[in-house]
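S.K.: Right, I'll just put the structure down here and ask away after.
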Amino acid sequence: MSTTIERLLIIQERDRAIARLVRETKDIPARKKLIEDRLKAHQDVLHTAQEDLKKAQAGIKQVEIEVDSRRQKIQRFREQQIQIKKNEEFRALEREIAAVQKEIRAEEDREIEFMEQVEKARAVIAEREADLKKEDARVREDQKVFDRRLEELQAEIAKLQTDRKALAEQVDATWLGRYERILAKTGDYALVPVEHGACGGCHMNLPPHLIHEARKGLSAAQCSYCSRMLYWKP
Ligand SMILES: [Zn+2]
């Protein structure tokens, strides 16, 4: 195997490693977002319970106002009754009072419902707040792990790139240029071994003269189907 091919194979190994690490780097923001969404889901549930609590509390206040105004109404009827002499008119007012009292009971039933809602919302809030505290700590820890991994990856990539640059300087520019063009096109390998008479990249059977050229390793034999550079693996 020629020195050039040997060096290109090492460069290819570095390029593959860099590509793998870059892919992992690019995945990190999406993975971070996923755990942020998890936290947000918890916050949303808590927020909904808080809104429910506010609504139920406002409902209780409203009921109290309604009951109060009806009690005043009854009070006015009672005052009118004192002035009244006719039995018939007195009874008519009694019926009015009974109707208003019925309304008050309905309001009080609503108040009980609101009170139950308040209790329920408070329980959900307490539970969710405890959950959120735990979840928040977990998310922070996970985010830190991702941030540390990102730093590691960036350092590793930088190291590999420096290494690759030094290696590339030792390879003939024409060969390197060809290697890089093919790699950009295929996205995986630019340099592949001949395997059982076939191209190690696209697996098509190679004509004998290409196998011969690859075996000698003197010129840059390229697969006639996928253009990858071929080398002979002893
Ligand atoms: Zn091929």
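Residue numbers start at 1 in each chain; chains themselves are named A, B, ... in the order of the structure tokens; ligands are numbered from 1 in the order shown.
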Enumerate, as a ChimeraX atom specification, the complete set of residues in segment 136-195 of chain A that a backbone-based DSSP assignment places in helix (DSSP H, G or I).
M.R.: /A:136-168,173-186
S.K.: Suppose we keep C-alpha atoms; can you now write the selection as a CSV table (one decimal), in the first residue's frame?
M.R.:
```
chain,number,residue,atom,x,y,z
A,136,ASP,CA,-36.9,20.9,38.2
A,137,ALA,CA,-33.9,19.5,40.0
A,138,ARG,CA,-33.8,16.5,37.7
A,139,VAL,CA,-34.0,18.7,34.6
A,140,ARG,CA,-31.2,21.0,35.8
A,141,GLU,CA,-29.0,17.9,36.4
A,142,ASP,CA,-29.8,16.5,32.9
A,143,GLN,CA,-29.1,19.9,31.3
A,144,LYS,CA,-25.7,20.0,33.1
A,145,VAL,CA,-24.9,16.5,31.8
A,146,PHE,CA,-25.7,17.7,28.2
A,147,ASP,CA,-23.7,20.9,28.6
A,148,ARG,CA,-20.7,18.9,29.9
A,149,ARG,CA,-21.0,16.4,27.0
A,150,LEU,CA,-21.2,19.3,24.6
A,151,GLU,CA,-17.9,20.7,25.9
A,152,GLU,CA,-16.3,17.3,25.8
A,153,LEU,CA,-17.4,16.9,22.2
A,154,GLN,CA,-16.2,20.3,21.1
A,155,ALA,CA,-12.8,19.6,22.7
A,156,GLU,CA,-12.6,16.2,21.0
A,157,ILE,CA,-13.6,17.7,17.6
A,158,ALA,CA,-11.0,20.5,17.9
A,159,LYS,CA,-8.3,17.9,18.8
A,160,LEU,CA,-9.2,15.7,15.9
A,161,GLN,CA,-9.3,18.6,13.5
A,162,THR,CA,-5.8,19.8,14.5
A,163,ASP,CA,-4.6,16.2,14.1
A,164,ARG,CA,-6.3,15.9,10.7
A,165,LYS,CA,-4.8,19.2,9.5
A,166,ALA,CA,-1.3,18.0,10.3
A,167,LEU,CA,-1.9,14.7,8.5
A,168,ALA,CA,-3.4,16.5,5.5
A,173,ALA,CA,-2.6,18.1,-2.8
A,174,THR,CA,-4.1,16.4,-5.9
A,175,TRP,CA,-4.8,13.2,-3.9
A,176,LEU,CA,-6.2,15.1,-1.0
A,177,GLY,CA,-8.4,17.2,-3.3
A,178,ARG,CA,-9.8,14.1,-5.0
A,179,TYR,CA,-10.4,12.4,-1.6
A,180,GLU,CA,-12.3,15.4,-0.3
A,181,ARG,CA,-14.4,15.8,-3.4
A,182,ILE,CA,-15.4,12.1,-3.3
A,183,LEU,CA,-16.1,12.3,0.5
A,184,ALA,CA,-18.3,15.3,0.0
A,185,LYS,CA,-20.3,13.4,-2.6
A,186,THR,CA,-20.7,10.1,-0.9
```
S.K.: Select from segment 17-228 of chain A everything DSSP, run on the backbone, classes as strand (DSSP E), then give the selection as an MDAnalysis selection string.
M.R.: chainID A and resid 191:195 198:199
S.K.: Generate the output file for the selected residues, C-alpha atoms, as a short mmCIF file (atom, residue, chain, number, x, y, z; two decimals), in the first residue's frame.
M.R.:
```
data_model
loop_
_atom_site.label_atom_id
_atom_site.label_comp_id
_atom_site.auth_asym_id
_atom_site.auth_seq_id
_atom_site.Cartn_x
_atom_site.Cartn_y
_atom_site.Cartn_z
CA LEU A 191 -11.50 5.36 0.11
CA VAL A 192 -12.73 1.75 0.10
CA PRO A 193 -11.03 -1.63 -0.10
CA VAL A 194 -11.52 -4.11 -2.92
CA GLU A 195 -13.60 -6.92 -1.43
CA ALA A 198 -16.04 -5.88 -5.81
CA CYS A 199 -16.00 -2.25 -4.69
#
```
S.K.: Which residues of chain A sit at most 7 Å from ligand 1, using only C-alpha atoms and all ligand atoms? Give each one's shortest atom pair and distance in Å (one decimal place), in chain and ascending residue order, as a Markdown table.
M.R.:
```
| residue | atom | partner | partner_atom_place_in_ligand_line | distance |
| --- | --- | --- | --- | --- |
| A:Cys199 | CA | ligand 1 | 1 (Zn) | 4.6 |
| A:Gly200 | CA | ligand 1 | 1 (Zn) | 6.6 |
| A:Gly201 | CA | ligand 1 | 1 (Zn) | 4.9 |
| A:Cys202 | CA | ligand 1 | 1 (Zn) | 4.1 |
| A:His203 | CA | ligand 1 | 1 (Zn) | 6.1 |
| A:Met204 | CA | ligand 1 | 1 (Zn) | 6.0 |
| A:Cys223 | CA | ligand 1 | 1 (Zn) | 4.6 |
| A:Ser224 | CA | ligand 1 | 1 (Zn) | 6.6 |
| A:Tyr225 | CA | ligand 1 | 1 (Zn) | 5.0 |
| A:Cys226 | CA | ligand 1 | 1 (Zn) | 4.1 |
| A:Ser227 | CA | ligand 1 | 1 (Zn) | 6.0 |
| A:Arg228 | CA | ligand 1 | 1 (Zn) | 5.7 |
```
S.K.: Contacts of Gln72 of chain A at 12 Å or less, counting only C-alpha atoms, minus same-chain residues fewer than 6 places along, as a ChimeraX atom specification?
M.R.: /A:65-66,78-79,97,100-101,104
S.K.: Filtering to N, CA, C and O atoms, could you give me those residues as an mmCIF file, in the first residue's frame?
M.R.:
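This went into again27.cif:
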```
data_model
loop_
_atom_site.group_PDB
_atom_site.id
_atom_site.type_symbol
_atom_site.label_atom_id
_atom_site.label_comp_id
_atom_site.auth_asym_id
_atom_site.auth_seq_id
_atom_site.Cartn_x
_atom_site.Cartn_y
_atom_site.Cartn_z
ATOM 1 N N ILE A 65 -72.013 37.684 47.606
ATOM 2 C CA ILE A 65 -72.666 38.946 47.219
ATOM 3 C C ILE A 65 -74.144 38.700 46.906
ATOM 4 O O ILE A 65 -75.027 39.441 47.355
ATOM 5 N N GLU A 66 -74.398 37.625 46.137
ATOM 6 C CA GLU A 66 -75.773 37.273 45.752
ATOM 7 C C GLU A 66 -76.644 36.996 46.995
ATOM 8 O O GLU A 66 -77.766 37.483 47.094
ATOM 9 N N ARG A 78 -89.923 42.048 54.895
ATOM 10 C CA ARG A 78 -90.360 41.982 56.294
ATOM 11 C C ARG A 78 -90.828 43.360 56.793
ATOM 12 O O ARG A 78 -91.853 43.473 57.479
ATOM 13 N N GLU A 79 -90.081 44.387 56.412
ATOM 14 C CA GLU A 79 -90.454 45.744 56.837
ATOM 15 C C GLU A 79 -91.808 46.143 56.246
ATOM 16 O O GLU A 79 -92.635 46.768 56.903
ATOM 17 N N ILE A 97 -91.100 36.095 49.864
ATOM 18 C CA ILE A 97 -89.967 35.775 50.759
ATOM 19 C C ILE A 97 -89.534 34.324 50.580
ATOM 20 O O ILE A 97 -88.346 34.017 50.460
ATOM 21 N N VAL A 100 -87.481 33.940 47.457
ATOM 22 C CA VAL A 100 -86.110 34.455 47.612
ATOM 23 C C VAL A 100 -85.286 33.503 48.476
ATOM 24 O O VAL A 100 -84.102 33.259 48.202
ATOM 25 N N GLN A 101 -85.916 32.934 49.491
ATOM 26 C CA GLN A 101 -85.182 31.976 50.352
ATOM 27 C C GLN A 101 -84.742 30.752 49.558
ATOM 28 O O GLN A 101 -83.657 30.211 49.780
ATOM 29 N N ILE A 104 -81.735 31.657 47.738
ATOM 30 C CA ILE A 104 -80.573 31.657 48.648
ATOM 31 C C ILE A 104 -80.042 30.231 48.826
ATOM 32 O O ILE A 104 -78.841 29.993 48.758
#
```
S.K.: Quick one, how far is atom CA of Glu119 of chain A from atom CA of Asp68 of chain A?
M.R.: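 Going from atom CA of Glu119 of chain A over to atom CA of Asp68 of chain A covers 23.7 Å.
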S.K.: Report the distance between atom CA of Ala106 of chain A and atom CA of Arg91 of chain A in Å, rounded to one decimal place.
M.R.: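 Taking atom CA of Ala106 of chain A as the start and atom CA of Arg91 of chain A as the end point, the length is 22.8 Å.
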S.K.: Measuring atom to atom with only C-alpha atoms, identify which of A:His47, A:His42, A:His196, A:Arg70 is nearest to Leu132 of chain A.
M.R.: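 Residue with the minimum atom-to-atom distance to Leu132 of chain A: A:His42.
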S.K.: Closest to Gly197 of chain A among A:Leu21, A:Ile211, A:Ala58, A:Ile5, using only C-alpha atoms?
M.R.: A:Ile211
S.K.: So which residues touch Glu213 of chain A within 10 Å, counting only C-alpha atoms, skipping near sequence neighbours fewer than 6 positions away, as JSON, numbers by chain?
M.R.: {"A": [219, 220, 221, 222, 230, 231, 232]}
